[in-house]
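A.B. asks: Structure: structure.txt, compact mmCIF, C-alpha atoms.
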```
# COMPACT_ATOMS: atom_id res chain seq x y z
CA MET A 291 10.76 -74.47 -26.76
CA ILE A 292 10.31 -70.73 -26.37
CA GLN A 293 13.87 -69.65 -27.08
CA SER A 294 13.74 -66.29 -25.32
CA VAL A 295 12.45 -67.92 -22.13
CA ARG A 296 15.01 -70.72 -22.48
CA ASN A 297 17.87 -68.27 -22.88
CA LYS A 298 16.82 -66.36 -19.78
CA PHE A 299 16.43 -69.53 -17.70
CA ASN A 300 19.83 -70.85 -18.75
CA ALA A 301 21.50 -67.50 -18.02
CA GLN A 302 20.03 -67.48 -14.49
CA PHE A 303 20.69 -71.19 -13.79
CA THR A 304 23.20 -72.12 -11.11
CA GLU A 305 24.30 -75.49 -9.83
CA ALA A 306 23.53 -74.21 -6.33
CA ASN A 307 19.86 -73.70 -7.23
CA TYR A 308 19.69 -77.16 -8.76
CA LYS A 309 21.24 -78.74 -5.65
CA ASN A 310 18.76 -76.84 -3.46
CA TYR A 311 15.92 -78.12 -5.67
CA LEU A 312 17.08 -81.73 -5.22
CA ALA A 313 17.68 -81.19 -1.49
CA GLU A 314 14.13 -79.91 -1.02
CA LEU A 315 12.70 -83.02 -2.72
CA GLU A 316 14.96 -85.18 -0.57
CA LEU A 317 13.89 -83.36 2.58
CA ALA A 318 10.23 -83.98 1.83
CA TYR A 319 10.72 -87.76 1.49
CA PRO A 320 14.28 -88.82 2.40
CA GLY A 321 15.75 -91.51 0.17
CA CYS A 322 12.70 -91.68 -2.07
CA VAL A 323 13.83 -89.80 -5.19
CA ALA A 324 14.85 -92.97 -7.03
CA PHE A 325 15.09 -91.52 -10.55
CA ARG A 326 17.05 -88.66 -12.07
CA ILE A 327 15.48 -85.20 -11.83
CA ALA A 328 16.33 -82.92 -14.74
CA GLU A 329 17.96 -79.54 -14.19
CA THR A 330 15.25 -77.69 -16.07
CA PRO A 331 11.56 -77.61 -16.89
CA VAL A 332 10.35 -77.16 -20.49
CA PHE A 333 8.53 -74.01 -21.57
CA VAL A 334 5.76 -74.78 -24.06
CA PRO A 335 4.21 -72.15 -26.36
CA LYS A 336 0.43 -71.95 -26.49
CA ILE A 337 0.28 -73.04 -30.15
CA PHE A 338 1.95 -76.35 -29.24
CA LYS A 339 -0.26 -76.67 -26.14
CA HIS A 340 -3.36 -76.46 -28.32
CA LYS A 341 -2.03 -79.18 -30.59
CA LEU A 342 -1.59 -81.42 -27.53
CA LEU A 343 -5.12 -80.66 -26.36
CA GLU A 344 -6.56 -81.32 -29.82
CA VAL A 345 -5.08 -84.80 -30.13
CA SER A 346 -5.78 -85.70 -26.50
CA GLU A 347 -9.45 -84.81 -27.00
CA TYR A 348 -9.57 -87.01 -30.10
CA ILE A 349 -8.07 -89.99 -28.22
CA SER A 350 -10.46 -89.42 -25.34
CA SER A 351 -13.42 -89.46 -27.73
CA VAL A 352 -12.34 -92.88 -29.02
CA ILE A 353 -12.05 -94.29 -25.49
CA LEU A 354 -15.50 -92.98 -24.60
CA GLY A 355 -16.99 -94.05 -27.96
CA LYS A 356 -19.48 -96.86 -28.42
CA ASP A 357 -16.98 -99.04 -30.32
CA PHE A 358 -14.19 -98.88 -27.73
CA LYS A 359 -15.02 -102.14 -25.97
CA LYS A 360 -15.38 -104.02 -29.26
CA LEU A 361 -12.10 -102.60 -30.60
CA THR A 362 -10.18 -103.78 -27.54
CA GLU A 363 -12.04 -107.00 -26.70
CA GLN A 364 -9.00 -109.18 -27.43
CA ALA A 365 -6.54 -106.97 -25.52
CA THR A 366 -6.80 -108.58 -22.09
CA PRO A 367 -5.26 -112.07 -21.73
CA ASP A 368 -7.93 -114.54 -20.60
CA GLU A 369 -5.91 -115.57 -17.55
CA PHE A 370 -5.77 -111.96 -16.31
CA LYS A 371 -9.36 -110.85 -16.88
CA VAL A 372 -10.75 -109.34 -13.68
CA PRO A 373 -14.55 -109.37 -13.07
CA ASN A 374 -16.77 -106.31 -12.69
CA GLU A 375 -15.02 -104.19 -15.30
CA THR A 376 -16.16 -100.57 -15.50
CA PRO A 377 -17.04 -99.11 -18.92
CA PHE A 378 -13.97 -96.87 -19.03
CA PRO A 379 -11.11 -95.80 -16.74
CA GLU A 380 -11.10 -92.79 -14.44
CA CYS A 381 -7.70 -91.67 -15.74
CA VAL A 382 -5.67 -91.99 -18.93
CA VAL A 383 -2.11 -90.87 -19.60
CA MET A 384 -0.77 -90.01 -23.06
CA ASP A 385 2.92 -89.69 -24.03
CA PHE A 386 3.85 -87.30 -26.84
CA ALA A 387 7.22 -86.74 -28.47
CA VAL A 388 8.11 -83.18 -29.43
CA THR A 389 8.90 -83.41 -33.15
CA ARG A 390 9.34 -81.15 -36.17
CA ASN A 391 7.18 -81.65 -39.28
CA ALA A 392 7.98 -81.12 -42.97
CA SER A 393 6.87 -77.48 -42.69
CA ASN A 394 9.46 -76.91 -39.95
CA GLU A 395 6.78 -76.57 -37.29
CA LEU A 396 6.95 -78.25 -33.91
CA GLU A 397 4.21 -80.78 -33.35
CA PRO A 398 3.38 -83.60 -30.92
CA GLN A 399 3.43 -87.24 -31.97
CA LEU A 400 1.83 -89.90 -29.79
CA ILE A 401 4.30 -92.49 -28.51
CA GLU A 402 1.99 -94.51 -26.31
CA LEU A 403 -0.92 -94.27 -23.89
CA GLN A 404 -1.95 -96.08 -20.73
CA GLY A 405 -5.18 -96.67 -18.85
CA PHE A 406 -3.08 -96.63 -15.71
CA PRO A 407 -2.09 -93.97 -13.15
CA SER A 408 1.17 -92.06 -13.36
CA LEU A 409 3.01 -89.75 -10.92
CA PHE A 410 -0.15 -87.75 -10.37
CA ALA A 411 0.60 -86.64 -6.81
CA PHE A 412 4.38 -86.23 -7.13
CA GLU A 413 3.96 -83.59 -9.83
CA ILE A 414 2.24 -81.32 -7.28
CA LEU A 415 5.35 -81.49 -5.12
CA GLN A 416 7.64 -81.08 -8.11
CA ASP A 417 5.85 -77.92 -9.25
CA GLN A 418 6.06 -76.45 -5.75
CA THR A 419 9.76 -77.32 -5.48
CA ILE A 420 10.67 -75.95 -8.91
CA ARG A 421 8.96 -72.67 -8.09
CA ASN A 422 10.74 -72.47 -4.73
CA ASN A 423 14.16 -72.73 -6.37
CA TYR A 424 13.83 -71.29 -9.87
CA THR A 425 12.16 -68.25 -11.39
CA ILE A 426 9.25 -69.37 -13.57
CA PRO A 427 7.99 -66.58 -15.85
CA GLU A 428 4.59 -65.02 -15.29
CA GLY A 429 1.89 -66.53 -17.47
CA PHE A 430 3.17 -70.12 -17.36
CA THR A 431 1.65 -73.07 -15.49
CA CYS A 432 2.05 -76.84 -15.45
CA TYR A 433 -1.74 -77.17 -15.25
CA LEU A 434 -4.15 -77.21 -18.19
CA ASN A 435 -7.74 -76.30 -19.00
CA GLY A 436 -8.08 -73.76 -16.21
CA TYR A 437 -6.81 -76.07 -13.48
CA ASN A 438 -4.67 -74.83 -10.61
CA GLU A 439 -3.13 -76.71 -7.71
CA LEU A 440 -6.27 -76.73 -5.55
CA LYS A 441 -8.63 -77.74 -8.36
CA TYR A 442 -6.21 -80.46 -9.42
CA ILE A 443 -5.86 -81.89 -5.90
CA ASN A 444 -9.63 -81.92 -5.42
CA HIS A 445 -10.17 -83.74 -8.72
CA LEU A 446 -7.40 -86.22 -7.92
CA LYS A 447 -8.91 -86.94 -4.48
CA SER A 448 -12.39 -87.52 -5.93
CA LEU A 449 -10.94 -89.69 -8.70
CA ILE A 450 -9.06 -91.94 -6.26
CA LYS A 451 -11.48 -92.06 -3.34
CA GLY A 452 -14.81 -91.70 -5.13
CA THR A 453 -17.69 -89.79 -3.60
CA ASP A 454 -19.20 -92.28 -1.13
CA ASN A 455 -16.39 -92.45 1.46
CA LYS A 456 -15.52 -96.11 0.88
CA HIS A 457 -12.30 -97.41 2.44
CA THR A 458 -9.72 -96.97 -0.32
CA VAL A 459 -6.15 -98.27 -0.48
CA LEU A 460 -3.23 -97.74 -2.84
CA LEU A 461 -2.28 -101.27 -3.90
CA GLU A 462 1.18 -102.13 -5.27
CA LEU A 463 3.79 -104.88 -5.21
CA HIS A 464 6.47 -104.06 -2.61
CA PRO A 465 5.50 -100.36 -2.73
CA HIS A 466 8.33 -99.13 -0.51
CA GLU A 467 10.89 -100.60 -2.91
CA GLN A 468 9.51 -99.14 -6.14
CA LYS A 469 11.30 -96.36 -8.03
CA THR A 470 8.05 -94.40 -8.04
CA ARG A 471 7.50 -94.71 -4.28
CA ILE A 472 7.77 -90.96 -3.77
CA ASP A 473 4.48 -90.65 -5.67
CA PHE A 474 2.86 -93.17 -3.32
CA TYR A 475 3.85 -91.07 -0.30
CA CYS A 476 2.62 -87.89 -1.97
CA THR A 477 -0.65 -89.66 -2.79
CA GLN A 478 -1.01 -90.72 0.83
CA GLN A 479 -0.36 -87.14 1.95
CA TYR A 480 -2.98 -85.58 -0.33
CA THR A 481 -5.68 -88.26 -0.11
CA GLU A 482 -5.02 -89.89 3.30
CA ILE A 483 -5.32 -93.41 1.90
CA PRO A 484 -3.08 -96.23 3.18
CA ILE A 485 -0.40 -97.86 1.04
CA VAL A 486 -0.88 -101.65 0.92
CA CYS A 487 1.32 -104.37 -0.57
CA ILE A 488 -0.40 -107.14 -2.49
CA SER A 489 1.30 -109.58 -0.08
CA GLU A 490 -0.89 -108.19 2.75
CA ILE A 491 -4.31 -108.86 1.23
CA TYR A 492 -6.63 -111.79 1.89
CA ALA A 493 -10.24 -112.61 0.98
CA ARG A 494 -13.22 -113.89 2.92
CA GLU A 495 -16.75 -114.34 1.56
CA HIS A 496 -16.19 -112.19 -1.57
CA LYS A 497 -14.66 -109.38 0.47
CA LEU A 498 -11.05 -108.23 0.56
CA TYR A 499 -9.09 -107.34 3.70
CA TYR A 500 -5.68 -106.44 5.09
CA LYS A 501 -4.34 -106.01 8.63
CA ARG A 502 -2.33 -103.27 10.29
CA GLU A 503 -0.95 -103.75 13.79
CA GLY A 504 -3.44 -106.56 14.40
CA THR A 505 -6.49 -104.59 13.23
CA GLU A 506 -8.45 -105.89 10.23
CA PHE A 507 -9.57 -103.43 7.55
CA LEU A 508 -12.09 -104.04 4.77
CA ILE A 509 -10.90 -102.91 1.31
CA GLU A 510 -13.81 -101.40 -0.61
CA ARG A 511 -11.93 -99.47 -3.31
CA ILE A 512 -8.46 -99.94 -4.83
CA TYR A 513 -6.27 -97.25 -6.34
CA ASN A 514 -4.50 -99.70 -8.59
CA ARG A 515 -0.74 -99.28 -9.08
CA LEU A 516 -0.07 -102.95 -9.86
CA VAL A 517 1.57 -103.65 -13.21
CA TRP A 518 -0.24 -106.91 -13.86
CA ASP A 519 2.14 -108.22 -16.47
CA GLU A 520 4.97 -108.09 -13.92
CA LEU A 521 3.12 -110.22 -11.38
CA LYS A 522 3.52 -113.41 -13.44
CA THR A 523 7.29 -113.34 -12.80
CA GLN A 524 6.90 -113.07 -9.02
CA SER A 525 6.99 -115.78 -6.37
CA ALA A 526 4.25 -118.40 -6.07
CA ALA A 527 3.00 -116.65 -2.92
CA ILE A 528 2.55 -113.34 -4.78
CA GLN A 529 0.84 -115.06 -7.69
CA LEU A 530 -1.64 -116.62 -5.27
CA LYS A 531 -2.44 -113.12 -4.01
CA ARG A 532 -2.89 -111.99 -7.63
CA ASP A 533 -5.29 -114.89 -8.19
CA LEU A 534 -7.42 -113.58 -5.31
CA LEU A 535 -7.98 -110.42 -7.32
CA LEU A 536 -9.21 -112.46 -10.29
CA LYS A 537 -12.20 -113.62 -8.23
CA ASP A 538 -15.61 -111.96 -8.06
CA LEU A 539 -14.94 -109.60 -5.15
CA GLU A 540 -16.99 -106.77 -3.72
CA VAL A 541 -14.43 -104.11 -4.52
CA GLU A 542 -14.16 -101.08 -6.82
CA TRP A 543 -11.09 -100.32 -8.92
CA VAL A 544 -9.37 -97.10 -10.01
CA ASN A 545 -8.43 -97.96 -12.75
CA HIS A 546 -9.87 -101.39 -13.35
CA PRO A 547 -7.04 -103.84 -14.20
CA ASN A 548 -8.54 -104.72 -17.59
CA HIS A 549 -8.01 -101.13 -18.73
CA PHE A 550 -4.28 -101.62 -18.27
CA TYR A 551 -4.50 -103.82 -21.36
CA ARG A 552 -7.28 -102.12 -23.30
CA ILE A 553 -5.69 -98.66 -23.24
CA SER A 554 -2.14 -99.35 -24.24
CA LYS A 555 -0.15 -99.89 -27.41
CA TYR A 556 -3.00 -102.26 -28.33
CA LEU A 557 -5.22 -99.26 -29.09
CA LEU A 558 -2.67 -97.44 -31.29
CA PRO A 559 -3.63 -99.18 -34.58
CA CYS A 560 -7.21 -97.98 -34.03
CA LEU A 561 -6.28 -94.29 -33.85
CA TYR A 562 -6.12 -91.99 -36.88
CA HIS A 563 -4.90 -88.43 -36.44
CA LYS A 564 -2.15 -86.25 -37.87
CA TYR A 565 -0.43 -86.26 -34.48
CA ILE A 566 -0.53 -90.06 -34.17
CA PRO A 567 1.98 -92.15 -36.14
CA GLU A 568 0.70 -95.07 -38.19
CA ALA A 569 0.70 -98.36 -36.27
CA THR A 570 -0.24 -101.92 -37.21
CA LEU A 571 -0.81 -104.96 -35.04
CA LEU A 572 1.84 -107.40 -36.26
CA ALA A 573 -0.73 -110.18 -36.57
CA SER A 574 -2.64 -107.97 -39.05
CA LEU A 575 0.40 -106.98 -41.13
CA VAL A 576 -0.12 -108.02 -44.77
CA ASN A 577 3.23 -106.95 -46.23
CA ILE A 578 6.48 -106.07 -44.48
CA PRO A 579 7.38 -102.48 -45.46
CA ALA A 580 10.46 -102.09 -47.66
CA ASP A 581 11.59 -99.06 -45.62
CA LEU A 582 11.85 -100.76 -42.22
CA GLU A 583 14.36 -98.11 -41.14
CA ASN A 584 11.34 -95.83 -40.74
CA TYR A 585 9.59 -98.13 -38.24
CA VAL A 586 9.98 -99.40 -34.68
CA LEU A 587 8.83 -102.75 -33.33
CA LYS A 588 7.17 -102.67 -29.92
CA PRO A 589 5.88 -105.38 -27.57
CA LEU A 590 2.38 -104.48 -26.45
CA PHE A 591 2.80 -104.77 -22.72
CA SER A 592 6.27 -103.57 -21.81
CA PHE A 593 7.33 -100.42 -20.03
CA ALA A 594 10.30 -98.03 -19.89
CA GLY A 595 11.26 -98.96 -23.43
CA GLN A 596 11.91 -102.62 -22.61
CA GLY A 597 11.88 -104.90 -25.65
CA VAL A 598 11.52 -102.12 -28.21
CA ILE A 599 13.48 -102.72 -31.42
CA ILE A 600 14.54 -99.43 -32.99
CA ASP A 601 16.61 -100.66 -35.93
CA VAL A 602 14.11 -103.17 -37.33
CA LYS A 603 15.18 -105.96 -39.71
CA THR A 604 12.93 -108.35 -41.64
CA ASP A 605 14.16 -111.23 -39.47
CA ASP A 606 13.00 -109.40 -36.35
CA ILE A 607 9.44 -109.55 -37.67
CA THR A 608 9.44 -113.05 -39.15
CA SER A 609 11.03 -114.59 -36.05
CA ILE A 610 8.32 -113.37 -33.68
CA LYS A 611 5.94 -116.20 -32.80
CA ASN A 612 3.26 -114.31 -30.85
CA LYS A 613 2.59 -111.62 -33.45
CA GLU A 614 -0.63 -110.62 -31.69
CA HIS A 615 1.57 -109.24 -28.87
CA TRP A 616 3.52 -106.78 -31.05
CA ILE A 617 2.92 -103.68 -33.13
CA LEU A 618 4.90 -102.11 -35.96
CA GLN A 619 4.81 -98.33 -35.60
CA LYS A 620 6.05 -95.55 -37.87
CA LYS A 621 9.22 -94.17 -36.34
CA VAL A 622 9.03 -90.81 -34.63
CA THR A 623 12.05 -88.50 -34.69
CA TYR A 624 12.36 -86.45 -31.52
CA GLU A 625 13.52 -82.91 -32.17
CA PRO A 626 16.34 -81.80 -29.82
CA ILE A 627 14.59 -78.55 -28.91
CA VAL A 628 15.78 -77.86 -25.37
CA THR A 629 19.02 -75.89 -25.36
CA THR A 630 21.25 -76.91 -22.45
CA PRO A 631 24.87 -76.17 -21.46
CA THR A 632 25.79 -79.78 -22.30
CA GLY A 633 24.05 -80.04 -25.66
CA PRO A 634 20.44 -80.08 -26.88
CA ALA A 635 17.89 -82.39 -25.26
CA LYS A 636 14.78 -84.10 -26.59
CA ALA A 637 11.48 -83.91 -24.75
CA GLU A 638 8.46 -86.15 -24.18
CA ILE A 639 5.33 -84.75 -22.54
CA ARG A 640 2.91 -87.01 -20.68
CA LEU A 641 -0.58 -85.56 -20.28
CA PHE A 642 -2.68 -86.55 -17.25
CA CYS A 643 -6.31 -86.87 -18.36
CA PHE A 644 -8.97 -87.23 -15.65
CA TYR A 645 -12.58 -88.17 -16.29
CA ASP A 646 -15.05 -85.45 -15.32
CA PRO A 647 -18.44 -87.01 -14.43
CA ILE A 648 -20.24 -83.69 -14.87
CA GLU A 649 -18.75 -82.84 -18.27
CA LYS A 650 -18.78 -86.58 -19.13
CA LYS A 651 -15.38 -86.40 -20.80
CA TYR A 652 -11.67 -86.57 -20.06
CA ILE A 653 -9.91 -83.33 -19.25
CA ALA A 654 -6.15 -82.83 -19.58
CA THR A 655 -5.18 -81.48 -16.16
CA ASN A 656 -1.41 -81.67 -15.60
CA ASN A 657 1.71 -83.27 -17.01
CA LEU A 658 4.98 -85.09 -16.54
CA THR A 659 7.84 -84.29 -18.90
CA ARG A 660 11.04 -86.22 -19.53
CA LEU A 661 14.24 -85.00 -21.15
CA SER A 662 16.67 -87.24 -22.99
CA LYS A 663 19.91 -87.08 -24.96
CA GLY A 664 19.94 -90.77 -25.83
CA LYS A 665 18.23 -92.85 -28.50
CA MET A 666 15.19 -93.29 -26.29
CA ILE A 667 13.51 -91.59 -23.36
CA GLY A 668 14.35 -93.21 -20.02
CA VAL A 669 17.05 -93.54 -17.39
CA ASP A 670 18.75 -96.52 -19.02
CA TYR A 671 19.46 -94.47 -22.16
CA ASN A 672 20.84 -91.41 -20.35
CA LYS A 673 23.14 -92.80 -17.68
CA ALA A 674 26.08 -90.48 -18.39
CA ALA A 675 24.10 -87.38 -19.41
CA THR A 676 23.15 -84.19 -17.57
CA TRP A 677 20.13 -81.95 -18.10
CA VAL A 678 18.03 -85.09 -18.62
CA GLY A 679 15.45 -86.94 -16.54
CA GLY A 680 12.08 -86.23 -14.96
CA SER A 681 10.70 -82.73 -15.24
CA LEU A 682 7.60 -80.64 -15.91
CA ALA A 683 6.29 -78.67 -18.85
CA TYR A 684 5.14 -75.15 -18.13
CA PHE A 685 2.50 -74.10 -20.66
CA GLU A 686 2.10 -70.55 -21.90
CA ASN A 687 -1.30 -69.11 -20.95
CA ASP A 688 -3.67 -68.01 -23.70
```
Rewrite the structure of this file - the entire thing - as structure tokens.

C.D. replies:
Amino acid sequence: MIQSVRNKFNAQFTEANYKNYLAELELAYPGCVAFRIAETPVFVPKIFKHKLLEVSEYISSVILGKDFKKLTEQATPDEFKVPNETPFPECVVMDFAVTRNASNELEPQLIELQGFPSLFAFEILQDQTIRNNYTIPEGFTCYLNGYNELKYINHLKSLIKGTDNKHTVLLELHPHEQKTRIDFYCTQQYTEIPIVCISEIYAREHKLYYKREGTEFLIERIYNRLVWDELKTQSAAIQLKRDLLLKDLEVEWVNHPNHFYRISKYLLPCLYHKYIPEATLLASLVNIPADLENYVLKPLFSFAGQGVIIDVKTDDITSIKNKEHWILQKKVTYEPIVTTPTGPAKAEIRLFCFYDPIEKKYIATNNLTRLSKGKMIGVDYNKAATWVGGSLAYFEND
């Protein structure tokens, strides 16, 4: 995005450096890089960084506002409501497309947001590995708001483990088979919490347990990596384990499962900002727009672009039965702003926002960035492309 920096990076790039970069990630956790890593980071000018921070602070203020619970009361399906919900989540992630406005200025546009963890720990490793194999200019960092690696790790540890030394586990479905498993191992390294599969848990007298090598451990706090909507398609045995978690248990959550639903596409129609495209819950849609080519149709609770209809037709809308599970969103046009040897790439920047109990607000701390040359961001839309995939944004210092 800063052309002079981009030109210099591209001129210095070699396939050997890229292969060394991938080899270093592979060496850290063999066989665990299960998604494509892009050849390059993205270099973000400070004016664009401040636009990201402005809109992220607005979204955060809505989540922490007095009307948030009322606005999202219908978001969580009754059959998946978990007791003992906290007022708000410890972490929120926000995805922004890099676009160009009518004045020819680059600006972010919100694509979606989640009250659910992302690759928080892996990005520490990725930053280290990028810097070991490429030359990153002075005055650029992947961290935000004065954070550095140490401050970020300390905040992440306190976010996941809390402050009272309760026994915390990372809970996931078949964690060692997930595409994001490298983040689980990085999380374990930085926080020293065990990785537990939902199949291992059991309850007794309102308490939750698991066993390792014959030893029973009490679970007091859960770093929640379960995608709840996916559990309903699993085996009967897994669904029974899920049902355990729907009971009134003596356990804390990070983030609480209900926030998976509250902070999602469901919240988009409630947000009003110049960097947030117009969105309408389909059940609330009065008239179908005449210019449907300027809209996308999205299911509320899908991930990695699954189920999204880009080229919307009237029949797509009228044929949907559960209209309360869909939104119609103004289409965002990604600007192909990253110059690469194999053609320009589009970029999407995911901000990691952590709650600060002292400041009593969310703070954007770090990021994940994805590059694409397809219609959408994601591996399935870039199978034959190069200079695409997972990356980092390096922000220009003020």

A.B. asks: Nearest to Thr362 in chain A among A:His340, A:Lys651, A:Lys620, A:His549, with distances taken over all atoms listed in the file: which residue is it?

C.D. replies: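 With all atoms listed in the file as the atom set, the closest residue is A:His549.
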
A.B. asks: Measuring atom to atom with all atoms listed in the file, identify which of A:Ile485, A:Met384, A:Lys359, A:Phe474 is nearest to Glu347 in chain A.

C.D. replies: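 When distances to Glu347 in chain A are compared using all atoms listed in the file, the smallest one comes from A:Met384.
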
A.B. asks: Go through A:Lys469, A:Arg502, A:Lys336, A:Arg660 and flag the residue nearest Ala324 in chain A, using all atoms listed in the file for the distances.

C.D. replies: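 The closest residue to Ala324 in chain A is A:Lys469.
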
A.B. asks: Which neighbours of Lys309 in chain A fall inside 12 Å, counting all atoms listed in the file, when residues of the same chain fewer than 4 positions from it are skipped, and could you give them as a PyMOL selection string?

C.D. replies: chain A and resi 303-305+313-317+327-329+419-420+423-424

A.B. asks: Neighbours of Glu363 in chain A within 12 Å (all atoms listed in the file; same-chain residues fewer than 2 positions away dropped), as a list of chain:residue names?

C.D. replies: A:Asp357, A:Phe358, A:Lys359, A:Lys360, A:Leu361, A:Ala365, A:Thr366, A:Pro367, A:Asp368, A:Lys371, A:Asn548, A:His549, A:Tyr551, A:Arg552, A:Ile553, A:Tyr556, A:Leu557

A.B. asks: Can you tell me, as a list in words, what residues are no more than 12 Å from Tyr562 in chain A when counting only C-alpha atoms, ignoring any on the same chain fewer than 5 positions away?

C.D. replies: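 The filter keeps Val345, Tyr348, Ile349, Ser351, Val352, Gln399, Leu400, Leu557, Pro567, Glu568, Ala569 and Thr570 of chain A.
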
A.B. asks: Please report the interatomic distance between CA of Leu658 in chain A and CA of Leu572 in chain A in Å with one decimal.

C.D. replies: 29.9 Å

A.B. asks: Under the rule that all atoms listed in the file are counted, which of A:Ile617, A:Val622, A:Ala301, A:Ile667 is the nearest residue to Ser554 in chain A?

C.D. replies: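 Smallest distance to Ser554 in chain A is found for A:Ile617.
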
A.B. asks: Residues at most 12 Å from Ser448 in chain A, counting all atoms listed in the file, excluding those fewer than 2 positions away in the same chain, as a PyMOL selection string?

C.D. replies: chain A and resi 380-381+441-446+450-456+458+480-481+513+544+644-647

A.B. asks: For a quick check of understanding, using only C-alpha atoms, which of A:Ile509, A:Ile483, A:Ile426, A:Ile600 has the smallest distance to Pro331 in chain A?

C.D. replies: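 Once distances to Pro331 in chain A are computed over only C-alpha atoms, the minimum belongs to A:Ile426.
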
A.B. asks: Just checking: using only C-alpha atoms, which residue out of A:Leu516, A:Leu461, A:Leu561, A:Leu618 ends up closest to Leu587 in chain A?

C.D. replies: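 Between A:Leu516, A:Leu461, A:Leu561, A:Leu618, the residue approaching Leu587 in chain A most closely is A:Leu618.
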
A.B. asks: Report, in Å to a single decimal, how far apart CA of Leu449 in chain A and CA of Pro407 in chain A are.

C.D. replies: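 Interatomic distance, CA of Pro407 in chain A to CA of Leu449 in chain A: 10.8 Å.
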
A.B. asks: Name the residues within 12 Å of (4.9, -113.1, -10.4), counting only C-alpha atoms in the file's coordinates, and put them as a short mmCIF file (atom, residue, chain, number, x, y, z; two decimals) with C-alpha atoms, in the coordinates of the input.

C.D. replies:
```cif
data_model
loop_
_atom_site.label_atom_id
_atom_site.label_comp_id
_atom_site.auth_asym_id
_atom_site.auth_seq_id
_atom_site.Cartn_x
_atom_site.Cartn_y
_atom_site.Cartn_z
CA LEU A 463 3.79 -104.88 -5.21
CA ILE A 488 -0.40 -107.14 -2.49
CA SER A 489 1.30 -109.58 -0.08
CA LEU A 516 -0.07 -102.95 -9.86
CA VAL A 517 1.57 -103.65 -13.21
CA TRP A 518 -0.24 -106.91 -13.86
CA ASP A 519 2.14 -108.22 -16.47
CA GLU A 520 4.97 -108.09 -13.92
CA LEU A 521 3.12 -110.22 -11.38
CA LYS A 522 3.52 -113.41 -13.44
CA THR A 523 7.29 -113.34 -12.80
CA GLN A 524 6.90 -113.07 -9.02
CA SER A 525 6.99 -115.78 -6.37
CA ALA A 526 4.25 -118.40 -6.07
CA ALA A 527 3.00 -116.65 -2.92
CA ILE A 528 2.55 -113.34 -4.78
CA GLN A 529 0.84 -115.06 -7.69
CA LEU A 530 -1.64 -116.62 -5.27
CA LYS A 531 -2.44 -113.12 -4.01
CA ARG A 532 -2.89 -111.99 -7.63
CA ASP A 533 -5.29 -114.89 -8.19
#
```

A.B. asks: Skipping near chain neighbours, those fewer than 6 positions away, what residues fall within 12 Å of Gly429 in chain A using all atoms listed in the file, listed as a PDB file with C-alpha atoms, in the coordinates of the input?

C.D. replies:
```pdb
ATOM      1  CA  VAL A 295      12.450 -67.920 -22.130  1.00  0.00           C
ATOM      2  CA  PHE A 333       8.530 -74.010 -21.570  1.00  0.00           C
ATOM      3  CA  VAL A 334       5.760 -74.780 -24.060  1.00  0.00           C
ATOM      4  CA  PRO A 335       4.210 -72.150 -26.360  1.00  0.00           C
ATOM      5  CA  LYS A 336       0.430 -71.950 -26.490  1.00  0.00           C
ATOM      6  CA  TYR A 684       5.140 -75.150 -18.130  1.00  0.00           C
ATOM      7  CA  PHE A 685       2.500 -74.100 -20.660  1.00  0.00           C
ATOM      8  CA  GLU A 686       2.100 -70.550 -21.900  1.00  0.00           C
ATOM      9  CA  ASN A 687      -1.300 -69.110 -20.950  1.00  0.00           C
ATOM     10  CA  ASP A 688      -3.670 -68.010 -23.700  1.00  0.00           C
TER      11      ASP A 688
END
```

A.B. asks: Can you tell me, as lines of an AutoDock Vina configuration file, the centre and edge lengths (Å, one decimal) of the axis-aligned box enclosing all of range 444-451 of chain A's listed atoms after padding each side by 6 Å?

C.D. replies:
```
center_x = -9.9
center_y = -87.0
center_z = -6.0
size_x = 17.0
size_y = 22.1
size_z = 17.4
```

A.B. asks: What does the distance from CA of Gly664 in chain A to CA of Val678 in chain A come to in Å, to one decimal?

C.D. replies: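 Result for CA of Gly664 in chain A versus CA of Val678 in chain A: 9.4 Å, one decimal.
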